[in-house]
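K.L.:
Next comes the structure file my_file.json, holding JSON, C-alpha atoms and all ligand atoms.
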```
[["chain", "number", "residue", "atom", "x", "y", "z"],
["W", 20, "MET", "CA", 0.00, 0.00, 0.00],
["W", 21, "GLU", "CA", 3.00, 2.24, -0.21],
["W", 22, "TYR", "CA", 2.65, 3.94, -3.48],
["W", 23, "THR", "CA", 6.01, 5.30, -4.53],
["W", 24, "ASN", "CA", 6.75, 4.34, -8.08],
["W", 25, "GLU", "CA", 10.24, 5.31, -9.21],
["W", 26, "LYS", "CA", 9.55, 4.05, -12.71],
["W", 27, "VAL", "CA", 7.38, 7.01, -13.59],
["W", 28, "LYS", "CA", 8.72, 8.53, -16.79],
["W", 29, "LEU", "CA", 9.91, 12.06, -17.38],
["W", 30, "MET", "CA", 9.63, 13.56, -20.82],
["W", 31, "PHE", "CA", 11.77, 16.43, -22.03],
["W", 32, "GLU", "CA", 10.68, 19.04, -24.52],
["W", 33, "GLY", "CA", 12.82, 17.49, -27.23],
["W", 34, "GLY", "CA", 11.09, 14.12, -26.76],
["W", 35, "LEU", "CA", 13.77, 12.49, -24.59],
["W", 36, "GLU", "CA", 12.21, 10.11, -22.04],
["W", 37, "PHE", "CA", 13.64, 8.34, -19.03],
["W", 38, "THR", "CA", 12.70, 7.14, -15.57],
["W", 39, "ARG", "CA", 13.91, 8.32, -12.20],
["W", 40, "THR", "CA", 15.37, 4.85, -11.63],
["W", 41, "TRP", "CA", 17.57, 5.36, -14.67],
["W", 42, "LEU", "CA", 18.51, 8.80, -13.42],
["W", 43, "ALA", "CA", 19.33, 7.52, -9.92],
["W", 44, "ALA", "CA", 21.46, 4.65, -11.20],
["W", 45, "ASP", "CA", 24.40, 6.83, -12.25],
["W", 46, "ASP", "CA", 24.84, 10.23, -10.63],
["W", 47, "GLN", "CA", 27.45, 11.51, -13.10],
["W", 48, "ARG", "CA", 25.28, 10.57, -16.03],
["W", 49, "ALA", "CA", 22.25, 12.15, -14.32],
["W", 50, "GLN", "CA", 24.09, 15.43, -13.77],
["W", 51, "ARG", "CA", 25.28, 15.44, -17.37],
["W", 52, "VAL", "CA", 21.79, 14.80, -18.76],
["W", 53, "LEU", "CA", 20.14, 17.40, -16.50],
["W", 54, "ARG", "CA", 22.81, 19.99, -17.36],
["W", 55, "ASN", "CA", 22.41, 19.39, -21.07],
["W", 56, "HIS", "CA", 18.66, 19.84, -20.85],
["W", 57, "LYS", "CA", 18.50, 22.52, -18.19],
["W", 58, "GLU", "CA", 16.71, 25.03, -20.38],
["W", 59, "GLU", "CA", 13.99, 22.60, -21.43],
["W", 60, "ARG", "CA", 10.63, 22.07, -19.87],
["W", 61, "VAL", "CA", 10.09, 18.62, -18.41],
["W", 62, "ASN", "CA", 6.82, 16.81, -18.08],
["W", 63, "CYS", "CA", 6.37, 14.19, -15.40],
["W", 64, "LEU", "CA", 4.16, 11.47, -16.84],
["W", 65, "CYS", "CA", 2.76, 10.22, -13.55],
["W", 66, "THR", "CA", -0.75, 11.37, -14.46],
["W", 67, "PRO", "CA", -2.53, 11.03, -17.80],
["W", 68, "PHE", "CA", -2.19, 14.79, -18.28],
["W", 69, "GLY", "CA", 1.42, 15.11, -17.10],
["W", 70, "VAL", "CA", 2.74, 17.60, -14.56],
["W", 71, "PRO", "CA", 5.15, 20.34, -15.68],
["W", 72, "MET", "CA", 8.57, 20.43, -14.02],
["W", 73, "HIS", "CA", 11.85, 22.21, -14.61],
["W", 74, "ILE", "CA", 15.51, 21.80, -13.77],
["W", 75, "VAL", "CA", 17.19, 23.89, -11.12],
["W", 76, "CYS", "CA", 20.86, 24.32, -10.30],
["W", 77, "ARG", "CA", 21.90, 24.55, -6.65],
["W", 78, "GLU", "CA", 25.54, 24.78, -5.62],
["W", 79, "GLY", "CA", 26.66, 23.41, -8.94],
["W", 80, "ARG", "CA", 24.28, 20.41, -8.90],
["W", 81, "TYR", "CA", 21.19, 19.94, -11.02],
["W", 82, "PHE", "CA", 17.83, 18.81, -9.69],
["W", 83, "LEU", "CA", 14.32, 18.27, -10.97],
["W", 84, "ALA", "CA", 11.78, 20.58, -9.39],
["W", 85, "SER", "CA", 8.04, 20.92, -9.65],
["W", 86, "ASN", "CA", 6.70, 24.21, -10.93],
["W", 87, "PRO", "CA", 5.29, 26.46, -8.20],
["W", 88, "GLY", "CA", 1.97, 25.19, -6.86],
["W", 89, "ARG", "CA", 2.14, 21.94, -8.83],
["W", 90, "ALA", "CA", 3.80, 19.54, -6.38],
["W", 91, "SER", "CA", 0.40, 18.34, -5.17],
["W", 92, "HIS", "CA", -0.69, 17.68, -8.75],
["W", 93, "HIS", "CA", 1.62, 14.70, -9.18],
["W", 94, "ALA", "CA", 0.15, 11.25, -8.72],
["W", 95, "LEU", "CA", 0.32, 10.10, -5.12],
["W", 96, "SER", "CA", 2.70, 7.39, -6.24],
["W", 97, "CYS", "CA", 5.08, 9.87, -7.84],
["W", 98, "PRO", "CA", 8.33, 10.60, -5.99],
["W", 99, "SER", "CA", 7.76, 14.31, -6.74],
["W", 100, "TYR", "CA", 4.40, 14.37, -5.01],
["W", 101, "HIS", "CA", 4.05, 16.63, -2.00],
["W", 102, "PRO", "CA", 0.71, 17.27, -0.39],
["W", 103, "ALA", "CA", -0.65, 20.76, -0.71],
["W", 104, "GLU", "CA", -0.01, 22.47, 2.59],
["W", 105, "GLU", "CA", -3.56, 23.68, 2.96],
["W", 106, "ALA", "CA", -4.88, 20.11, 2.63],
["W", 107, "SER", "CA", -3.36, 18.90, 5.87],
["W", 108, "GLY", "CA", -3.14, 19.80, 9.53],
["W", 109, "LEU", "CA", 0.56, 18.86, 9.34],
["W", 110, "ARG", "CA", 1.45, 22.41, 8.44],
["W", 111, "HIS", "CA", 0.78, 23.50, 12.01],
["W", 112, "TYR", "CA", 3.75, 21.64, 13.48],
["W", 113, "SER", "CA", 7.10, 23.25, 14.16],
["W", 114, "GLY", "CA", 10.47, 21.82, 13.15],
["W", 115, "GLU", "CA", 10.78, 20.62, 16.73],
["W", 116, "ALA", "CA", 7.70, 18.39, 16.34],
["W", 117, "ILE", "CA", 8.62, 16.90, 12.98],
["W", 118, "CYS", "CA", 11.71, 16.79, 10.85],
["W", 119, "ARG", "CA", 12.84, 14.66, 7.99],
["W", 120, "ALA", "CA", 16.33, 13.20, 8.00],
["W", 121, "SER", "CA", 17.40, 11.31, 4.87],
["W", 122, "HIS", "CA", 15.14, 8.25, 5.04],
["W", 123, "HIS", "CA", 13.51, 8.85, 8.38],
["W", 124, "TYR", "CA", 10.93, 11.10, 9.93],
["W", 125, "LYS", "CA", 11.52, 12.19, 13.47],
["W", 126, "LEU", "CA", 8.45, 13.02, 15.51],
["W", 127, "ALA", "CA", 8.17, 14.42, 19.00],
["W", 128, "VAL", "CA", 5.23, 12.60, 20.64],
["W", 129, "ARG", "CA", 3.72, 13.39, 24.02],
["W", 130, "PRO", "CA", 0.31, 12.49, 25.46],
["W", 131, "GLU", "CA", -0.94, 15.96, 26.36],
["W", 132, "ALA", "CA", -2.58, 18.16, 23.73],
["W", 133, "PRO", "CA", -0.07, 20.64, 22.31],
["W", 134, "THR", "CA", -0.60, 24.35, 22.74],
["W", 135, "GLY", "CA", -0.28, 26.54, 19.73],
["W", 136, "PRO", "CA", -0.02, 26.33, 16.74],
["W", 137, "PRO", "CA", 2.77, 26.01, 15.96],
["W", 138, "PHE", "CA", 2.67, 22.69, 17.81],
["W", 139, "ASP", "CA", 5.91, 21.46, 19.33],
["W", 140, "HIS", "CA", 4.76, 17.82, 19.48],
["W", 141, "PHE", "CA", 2.20, 15.28, 18.26],
["W", 142, "THR", "CA", -0.37, 13.58, 20.46],
["W", 143, "PRO", "CA", -0.38, 9.78, 20.12],
["W", 144, "SER", "CA", -3.58, 10.00, 18.00],
["W", 145, "ALA", "CA", -1.95, 12.48, 15.61],
["W", 146, "ALA", "CA", 1.16, 10.29, 15.43],
["W", 147, "LEU", "CA", -1.06, 7.35, 14.44],
["W", 148, "GLN", "CA", -2.62, 9.52, 11.74],
["W", 149, "PHE", "CA", 0.88, 10.27, 10.49],
["W", 150, "LEU", "CA", 1.73, 6.55, 10.18],
["W", 151, "TRP", "CA", -1.60, 5.93, 8.46],
["W", 152, "GLU", "CA", -0.86, 8.60, 5.87],
["W", 153, "LEU", "CA", 2.75, 7.52, 5.39],
["W", 154, "ALA", "CA", 1.52, 4.00, 4.66],
["W", 155, "GLY", "CA", -0.84, 5.40, 2.02],
["W", 156, "LEU", "CA", -3.87, 4.24, 3.97],
["W", 157, "ASN", "CA", -5.78, 7.49, 3.61],
["W", 158, "VAL", "CA", -5.87, 6.98, -0.15],
["W", 159, "CYS", "CA", -8.90, 5.46, -1.79],
["W", 160, "THR", "CA", -9.21, 4.29, -5.35],
["W", 161, "PRO", "CA", -11.86, 1.77, -6.47],
["W", 162, "LYS", "CA", -9.03, -0.69, -7.11],
["W", 163, "THR", "CA", -7.21, -0.34, -3.79],
["W", 164, "VAL", "CA", -10.44, -0.47, -1.82],
["W", 165, "ALA", "CA", -11.36, -3.81, -3.34],
["W", 166, "ARG", "CA", -7.99, -5.25, -2.31],
["W", 167, "ARG", "CA", -7.84, -3.59, 1.06],
["W", 168, "SER", "CA", -7.77, -6.35, 3.59],
["W", 169, "PHE", "CA", -6.43, -6.62, 7.06],
["W", 170, "LEU", "CA", -3.17, -8.40, 6.34],
["W", 171, "PRO", "CA", -1.64, -6.02, 3.76],
["W", 172, "LEU", "CA", -2.84, -3.08, 5.82],
["W", 173, "SER", "CA", -1.14, -4.39, 8.96],
["W", 174, "ARG", "CA", 2.03, -5.09, 7.03],
["W", 175, "SER", "CA", 2.07, -1.61, 5.49],
["W", 176, "LEU", "CA", 1.67, -0.03, 8.89],
["W", 177, "TRP", "CA", 4.35, -2.21, 10.42],
["W", 178, "ARG", "CA", 6.74, -1.38, 7.57],
["W", 179, "VAL", "CA", 6.34, 2.37, 7.95],
["W", 180, "THR", "CA", 7.07, 2.15, 11.67],
["W", 181, "HIS", "CA", 10.65, 1.47, 10.56],
["W", 182, "LYS", "CA", 10.80, 4.81, 8.78],
["W", 183, "VAL", "CA", 9.74, 6.91, 11.75],
["W", 184, "LEU", "CA", 11.35, 7.68, 15.08],
["W", 185, "PHE", "CA", 9.30, 8.80, 18.07],
["W", 186, "ASN", "CA", 11.28, 11.00, 20.44],
["W", 187, "LYS", "CA", 14.51, 9.95, 18.69],
["W", 188, "ARG", "CA", 13.84, 6.26, 19.27],
["W", 189, "ALA", "CA", 12.75, 3.42, 17.04],
["W", 190, "ILE", "CA", 9.02, 2.73, 17.44],
["W", 191, "ARG", "CA", 9.39, -1.07, 17.77],
["W", 192, "ALA", "CA", 5.71, -1.81, 17.26],
["W", 193, "TYR", "CA", 3.75, -4.98, 17.73],
["W", 194, "VAL", "CA", 1.14, -5.13, 14.96],
["W", 195, "PRO", "CA", -0.94, -8.34, 14.98],
["W", 196, "LEU", "CA", -0.33, -10.49, 11.86],
["W", 197, "ALA", "CA", 2.57, -8.33, 10.71],
["W", 198, "SER", "CA", 4.90, -8.74, 13.70],
["W", 199, "ARG", "CA", 6.45, -12.06, 14.56],
["W", 200, "GLU", "CA", 6.51, -11.56, 18.29],
["W", 201, "ILE", "CA", 5.71, -9.11, 20.98],
["W", 202, "ASP", "CA", 8.94, -9.47, 22.98],
["W", 203, "GLY", "CA", 10.95, -6.27, 23.03],
["W", 204, "CYS", "CA", 8.14, -4.22, 21.47],
["W", 205, "GLN", "CA", 7.47, -0.79, 22.93],
["W", 206, "HIS", "CA", 4.31, 0.08, 21.05],
["W", 207, "VAL", "CA", 1.16, -1.72, 20.01],
["W", 208, "ILE", "CA", -0.86, -0.85, 16.93],
["W", 209, "GLY", "CA", -4.07, -2.68, 16.16],
["W", 210, "GLN", "CA", -7.80, -2.69, 15.60],
["W", 211, "VAL", "CA", -9.84, -2.99, 18.78],
["W", 212, "SER", "CA", -11.97, -6.13, 18.55],
["W", 213, "ARG", "CA", -13.21, -6.54, 22.12],
["W", 214, "ILE", "CA", -13.24, -4.63, 25.39],
["W", 215, "HIS", "CA", -14.28, -5.84, 28.79],
["W", 216, "ARG", "CA", -14.07, -4.63, 32.37],
["W", 217, "GLY", "CA", -11.62, -6.54, 34.48],
["W", 218, "LYS", "CA", -11.25, -6.15, 38.21],
["W", 219, "PHE", "CA", -8.50, -3.52, 38.09],
["W", 220, "ALA", "CA", -8.49, -2.37, 34.50],
["W", 221, "ILE", "CA", -10.18, -2.59, 31.11],
["W", 222, "GLY", "CA", -9.04, -5.47, 28.94],
["W", 223, "VAL", "CA", -8.60, -4.75, 25.25],
["W", 224, "ASN", "CA", -8.26, -7.38, 22.54],
["W", 225, "LEU", "CA", -7.07, -6.68, 19.05],
["W", 226, "ALA", "CA", -8.30, -8.13, 15.78],
["W", 227, "ALA", "CA", -6.25, -11.05, 14.45],
["W", 228, "ASP", "CA", -4.63, -11.55, 17.84],
["W", 229, "ARG", "CA", -6.09, -14.30, 20.03],
["W", 230, "GLU", "CA", -3.12, -14.50, 22.27],
["W", 231, "HIS", "CA", -2.84, -11.24, 24.16],
["W", 232, "THR", "CA", -5.09, -9.12, 26.30],
["W", 233, "PHE", "CA", -3.91, -5.55, 26.83],
["W", 234, "TRP", "CA", -4.85, -3.69, 29.98],
["W", 235, "VAL", "CA", -5.76, -0.04, 30.39],
["W", 236, "ASP", "CA", -6.15, 1.32, 33.91],
["W", 237, "GLN", "CA", -8.71, 3.90, 34.93],
["W", 238, "LYS", "CA", -6.37, 6.87, 34.77],
["W", 239, "GLN", "CA", -5.08, 6.02, 31.29],
["W", 240, "TRP", "CA", -8.58, 5.31, 30.03],
["W", 241, "GLN", "CA", -10.01, 8.58, 31.32],
["W", 242, "ASN", "CA", -7.09, 10.67, 30.10],
["W", 243, "SER", "CA", -7.06, 9.20, 26.63],
["W", 244, "PRO", "CA", -9.29, 9.94, 23.62],
["W", 245, "ILE", "CA", -10.25, 6.26, 23.72],
["W", 246, "SER", "CA", -12.89, 7.18, 26.34],
["W", 247, "LYS", "CA", -14.52, 9.52, 23.80],
["W", 248, "LEU", "CA", -14.87, 6.70, 21.28],
["W", 249, "LEU", "CA", -15.37, 3.60, 23.36],
["W", 250, "GLY", "CA", -17.32, 4.81, 26.36],
["W", 251, "THR", "CA", -16.54, 5.58, 29.96],
["W", 252, "TYR", "CA", -14.29, 3.53, 32.18],
["W", 253, "GLU", "CA", -17.38, 2.29, 34.03],
["W", 254, "ASP", "CA", -19.22, 1.35, 30.88],
["W", 255, "PRO", "CA", -16.87, 0.68, 27.95],
["W", 256, "LYS", "CA", -18.59, -0.19, 24.67],
["W", 257, "LEU", "CA", -17.25, -1.29, 21.34],
["W", 258, "ALA", "CA", -18.47, 1.25, 18.79],
["W", 259, "ASP", "CA", -17.26, 2.05, 15.30],
["W", 260, "THR", "CA", -14.13, 0.43, 13.97],
["W", 261, "THR", "CA", -11.33, 1.90, 16.02],
["W", 262, "TRP", "CA", -7.58, 1.51, 15.72],
["W", 263, "LEU", "CA", -5.27, 2.32, 18.55],
["W", 264, "MET", "CA", -1.62, 2.93, 19.05],
["W", 265, "ALA", "CA", -0.21, 2.86, 22.56],
["W", 266, "ARG", "CA", 2.96, 2.46, 24.54],
["W", 267, "LEU", "CA", 3.37, -1.07, 25.81],
["W", 268, "TRP", "CA", 4.65, -1.99, 29.21],
["W", 269, "LEU", "CA", 5.05, -5.55, 30.37],
["W", 270, "SER", "CA", 4.49, -5.62, 34.12],
["W", 271, "PRO", "CA", 6.61, -7.84, 36.37],
["W", 272, "LYS", "CA", 3.53, -10.07, 36.72],
["W", 273, "GLY", "CA", 3.46, -10.57, 32.98],
["W", 274, "ASN", "CA", 0.54, -8.26, 32.14],
["W", 275, "PHE", "CA", 0.60, -6.22, 28.95],
["W", 276, "ASN", "CA", -0.31, -2.70, 30.02],
["W", 277, "LEU", "CA", -1.09, 0.15, 27.66],
["W", 278, "TYR", "CA", -0.51, 3.81, 28.25],
["W", 279, "HIS", "CA", -0.30, 7.00, 26.14],
["W", 280, "ILE", "CA", -3.10, 5.72, 23.94],
["W", 281, "GLY", "CA", -3.92, 7.29, 20.58],
["W", 282, "VAL", "CA", -6.97, 6.34, 18.52],
["W", 283, "LEU", "CA", -8.14, 6.51, 14.93],
["W", 284, "PRO", "CA", -11.74, 5.79, 13.94],
["W", 285, "VAL", "CA", -12.01, 4.30, 10.46],
["W", 286, "ASN", "CA", -14.79, 3.27, 8.08],
["W", 287, "ASP", "CA", -15.31, -0.15, 6.48],
["W", 288, "GLN", "CA", -12.56, 0.53, 3.97],
["W", 289, "LEU", "CA", -10.26, 1.51, 6.84],
["W", 290, "LEU", "CA", -10.14, 5.13, 5.73],
["W", 291, "PRO", "CA", -9.82, 7.68, 8.54],
["W", 292, "SER", "CA", -13.32, 8.88, 9.41],
["W", 293, "TYR", "CA", -13.55, 11.16, 12.40],
["W", 294, "ASN", "CA", -16.67, 12.43, 14.07],
["W", 295, "GLY", "CA", -19.41, 12.85, 11.55],
["W", 296, "LEU", "CA", -17.16, 12.38, 8.53],
["W", 297, "LYS", "CA", -17.90, 8.71, 8.00],
["W", 298, "GLU", "CA", -21.02, 9.36, 5.97],
["W", 299, "PRO", "CA", -19.53, 11.72, 3.36],
["W", 300, "ILE", "CA", -16.44, 9.50, 3.02],
["W", 301, "ASP", "CA", -18.61, 6.41, 2.55],
["W", 302, "LYS", "CA", -20.46, 8.33, -0.14],
["W", 303, "LEU", "CA", -17.23, 9.01, -2.05],
["W", 304, "VAL", "CA", -16.35, 5.30, -1.86],
["W", 305, "GLU", "CA", -19.81, 4.36, -3.05],
["W", 306, "ASN", "CA", -19.49, 6.71, -6.02],
["W", 307, "ARG", "CA", -16.18, 5.05, -6.91],
["W", 308, "ARG", "CA", -14.20, 8.25, -6.68],
["W", 309, "ARG", "CA", -10.43, 8.38, -6.38],
["W", 310, "PHE", "CA", -9.46, 10.55, -3.46],
["W", 311, "PHE", "CA", -7.44, 10.85, -0.35],
["W", 312, "VAL", "CA", -8.78, 11.75, 3.05],
["W", 313, "CYS", "CA", -7.22, 14.88, 4.55],
["W", 314, "GLN", "CA", -6.29, 14.76, 8.18],
["W", 315, "ARG", "CA", -6.32, 17.59, 10.68],
["W", 316, "TYR", "CA", -3.91, 15.99, 13.13],
["W", 317, "ASP", "CA", -3.88, 18.06, 16.30],
["W", 318, "ALA", "CA", -5.34, 21.09, 14.54],
["W", 319, "ILE", "CA", -8.86, 19.83, 15.18],
["W", 320, "ASP", "CA", -10.41, 23.27, 14.81],
["W", 321, "ASP", "CA", -8.82, 24.07, 11.49],
["W", 322, "ASP", "CA", -11.78, 24.21, 9.12],
["W", 323, "SER", "CA", -9.53, 25.10, 6.22],
["W", 324, "VAL", "CA", -8.39, 21.47, 6.01],
["W", 325, "PRO", "CA", -10.64, 19.80, 3.43],
["W", 326, "LEU", "CA", -12.49, 16.56, 4.05],
["W", 327, "ALA", "CA", -10.80, 14.97, 1.06],
["W", 328, "VAL", "CA", -9.06, 15.78, -2.18],
["W", 329, "LEU", "CA", -10.41, 14.25, -5.37],
["W", 330, "ILE", "CA", -7.65, 12.99, -7.64],
["W", 331, "ASP", "CA", -9.70, 11.74, -10.55],
["W", 332, "ARG", "CA", -9.80, 15.13, -12.22],
["W", 333, "LYS", "CA", -7.34, 17.05, -14.33],
["W", 334, "GLU", "CA", -6.31, 18.97, -11.24],
["W", 335, "PRO", "CA", -6.84, 17.82, -7.67],
["W", 336, "GLN", "CA", -10.00, 19.24, -6.17],
["W", 337, "SER", "CA", -10.52, 19.82, -2.47],
["W", 338, "LEU", "CA", -13.85, 18.83, -0.97],
["W", 339, "TYR", "CA", -15.16, 20.47, 2.12],
["W", 340, "TYR", "CA", -17.84, 19.17, 4.37],
["W", 341, "PRO", "CA", -20.80, 19.46, 4.02],
["W", 342, "LEU", "CA", -20.35, 18.21, 0.49],
["W", 343, "LEU", "CA", -21.65, 20.51, -2.17],
["W", 344, "SER", "CA", -22.06, 17.90, -4.87],
["R", 401, "ZN", "ZN", 4.97, 13.12, -11.10]]
```
Mind converting the file's structure to structure tokens?
P.N.:
Amino acid sequence: MEYTNEKVKLMFEGGLEFTRTWLAADDQRAQRVLRNHKEERVNCLCTPFGVPMHIVCREGRYFLASNPGRASHHALSCPSYHPAEEASGLRHYSGEAICRASHHYKLAVRPEAPTGPPFDHFTPSAALQFLWELAGLNVCTPKTVARRSFLPLSRSLWRVTHKVLFNKRAIRAYVPLASREIDGCQHVIGQVSRIHRGKFAIGVNLAADREHTFWVDQKQWQNSPISKLLGTYEDPKLADTTWLMARLWLSPKGNFNLYHIGVLPVNDQLLPSYNGLKEPIDKLVENRRRFFVCQRYDAIDDDSVPLAVLIDRKEPQSLYYPLLS
């Protein structure tokens, strides 16, 4: 479910065509080709209509660059794709909260809601949204939805946990079906399949995992957004499909305890669908649209973040809720 496709072709004005893989294979050759064609317009052929690009020179090296305002017009699978800033709550985080280092993202994650913006950290729920998006799980096309089952989704999520550091440390997540074992894991990510009141805590079971029960004590339950979705500590109830991500602590008695819990409600296609957004998102799926769901992260009040962006048009189109069409 990760969509990057390095084989997307680039076409130069003079008709020359090559892929990014070809370009990446030999740096000297790449620099020579880009230098020779630096005045030409380039078209990235990741969409049926193509996206215009150009070549820039920085400190003596040549690079491909999207034309201003067009980076979000590339296909989601294209290496040149960057989400439009206004389509995501991610823009509200400071460099302290998120930075990208070569092949990794580094996130600062803390349980309390950040003040701001700019936010200096992610809540666990927002961090889960980040993983979801990085794994391409907020994208819906009629084709991917048909194939979207639990196993590939779990594997995609587990794979992206290796590309992200939380508070400068590896995430080391247990994801049922995708992880081999739970030993040494510091996080759990999974779909809640059952909850029940135990004597001292609430027991949580995850889909595709018959082996473990995870325990959430009263304080953690009440201080976490899980209580907004799955009922009070006194009366927990399984509601809509909910994914959680939490820190895992194995007690000396051998109990798996959860704390710093983040949640993500999803629809039947496992697309993020927060309060009241399930219906319009289901409608888009039903109408076989290609789109991606936009996420607000911790900027929950930011109405300028669209519900979704349609990508089956010549140019991406943002949809706001309530839907106009
Ligand atoms: Zn492209």
K.L.:
For ligand ZN 401 (chain R), which residue out of W:Gly114, W:Leu83, W:His92, W:Arg54 is the nearest one, using all atoms listed in the file?
P.N.:
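Selected residue with least distance to ligand ZN 401 (chain R): W:His92.
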K.L.:
When you look at range 235-244 of chain W with a cut-off of 6 Å (counting all atoms listed in the file), what residues show up, excluding the ones that are within fewer than 6 positions of it in the same chain? I need them as a count of residues only.
P.N.:
5
K.L.:
From the set W:Glu105, W:Leu29, W:Tyr293, W:Thr38, which residue has the shortest atom-to-atom contact distance to Gly69 in chain W, counting all atoms listed in the file?
P.N.:
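Ranked by minimum distance to Gly69 in chain W, first place goes to W:Leu29.
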K.L.:
Could you work out how far CA of Leu267 in chain W lies from CA of Ile214 in chain W, giving the answer in Å with one decimal?
P.N.:
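Going from CA of Ile214 in chain W over to CA of Leu267 in chain W covers 17.0 Å.
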K.L.:
Considering only C-alpha atoms, state which residue in the set W:Arg229, W:His279, W:Asp320, W:Glu298 is at the smallest distance from Pro130 in chain W.
P.N.:
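Of all the options, W:His279 lies closest to Pro130 in chain W.
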K.L.:
One number please: CA of Cys76 in chain W to CA of Glu32 in chain W, in Å, one decimal.
P.N.:
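Atom-to-atom, CA of Cys76 in chain W to CA of Glu32 in chain W, that is 18.3 Å.
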K.L.:
Contacts between ligand ZN 401 (chain R) and chain W, please, where a residue of chain W counts if it comes within 12 Å (with only C-alpha atoms and all ligand atoms); show its shortest atom pair and distance in Å to one decimal, rows by chain and ascending number, as a Markdown table.
P.N.:
```
| residue | atom | partner | partner_atom | distance |
| --- | --- | --- | --- | --- |
| W:Thr23 | CA | R:ZN401 | ZN | 10.3 |
| W:Asn24 | CA | R:ZN401 | ZN | 9.5 |
| W:Glu25 | CA | R:ZN401 | ZN | 9.6 |
| W:Lys26 | CA | R:ZN401 | ZN | 10.3 |
| W:Val27 | CA | R:ZN401 | ZN | 7.0 |
| W:Lys28 | CA | R:ZN401 | ZN | 8.2 |
| W:Leu29 | CA | R:ZN401 | ZN | 8.1 |
| W:Met30 | CA | R:ZN401 | ZN | 10.8 |
| W:Thr38 | CA | R:ZN401 | ZN | 10.7 |
| W:Arg39 | CA | R:ZN401 | ZN | 10.2 |
| W:Val61 | CA | R:ZN401 | ZN | 10.5 |
| W:Asn62 | CA | R:ZN401 | ZN | 8.1 |
| W:Cys63 | CA | R:ZN401 | ZN | 4.6 |
| W:Leu64 | CA | R:ZN401 | ZN | 6.0 |
| W:Cys65 | CA | R:ZN401 | ZN | 4.4 |
| W:Thr66 | CA | R:ZN401 | ZN | 6.9 |
| W:Pro67 | CA | R:ZN401 | ZN | 10.3 |
| W:Phe68 | CA | R:ZN401 | ZN | 10.3 |
| W:Gly69 | CA | R:ZN401 | ZN | 7.3 |
| W:Val70 | CA | R:ZN401 | ZN | 6.1 |
| W:Pro71 | CA | R:ZN401 | ZN | 8.6 |
| W:Met72 | CA | R:ZN401 | ZN | 8.7 |
| W:His73 | CA | R:ZN401 | ZN | 11.9 |
| W:Leu83 | CA | R:ZN401 | ZN | 10.7 |
| W:Ala84 | CA | R:ZN401 | ZN | 10.2 |
| W:Ser85 | CA | R:ZN401 | ZN | 8.5 |
| W:Asn86 | CA | R:ZN401 | ZN | 11.2 |
| W:Arg89 | CA | R:ZN401 | ZN | 9.5 |
| W:Ala90 | CA | R:ZN401 | ZN | 8.1 |
| W:Ser91 | CA | R:ZN401 | ZN | 9.1 |
| W:His92 | CA | R:ZN401 | ZN | 7.6 |
| W:His93 | CA | R:ZN401 | ZN | 4.2 |
| W:Ala94 | CA | R:ZN401 | ZN | 5.7 |
| W:Leu95 | CA | R:ZN401 | ZN | 8.2 |
| W:Ser96 | CA | R:ZN401 | ZN | 7.8 |
| W:Cys97 | CA | R:ZN401 | ZN | 4.6 |
| W:Pro98 | CA | R:ZN401 | ZN | 6.6 |
| W:Ser99 | CA | R:ZN401 | ZN | 5.3 |
| W:Tyr100 | CA | R:ZN401 | ZN | 6.2 |
| W:His101 | CA | R:ZN401 | ZN | 9.8 |
```
K.L.:
Any idea what the distance is between CA of Asn294 in chain W and CA of Asp322 in chain W?
P.N.:
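Atom-to-atom, CA of Asn294 in chain W and CA of Asp322 in chain W are spaced 13.7 Å apart.
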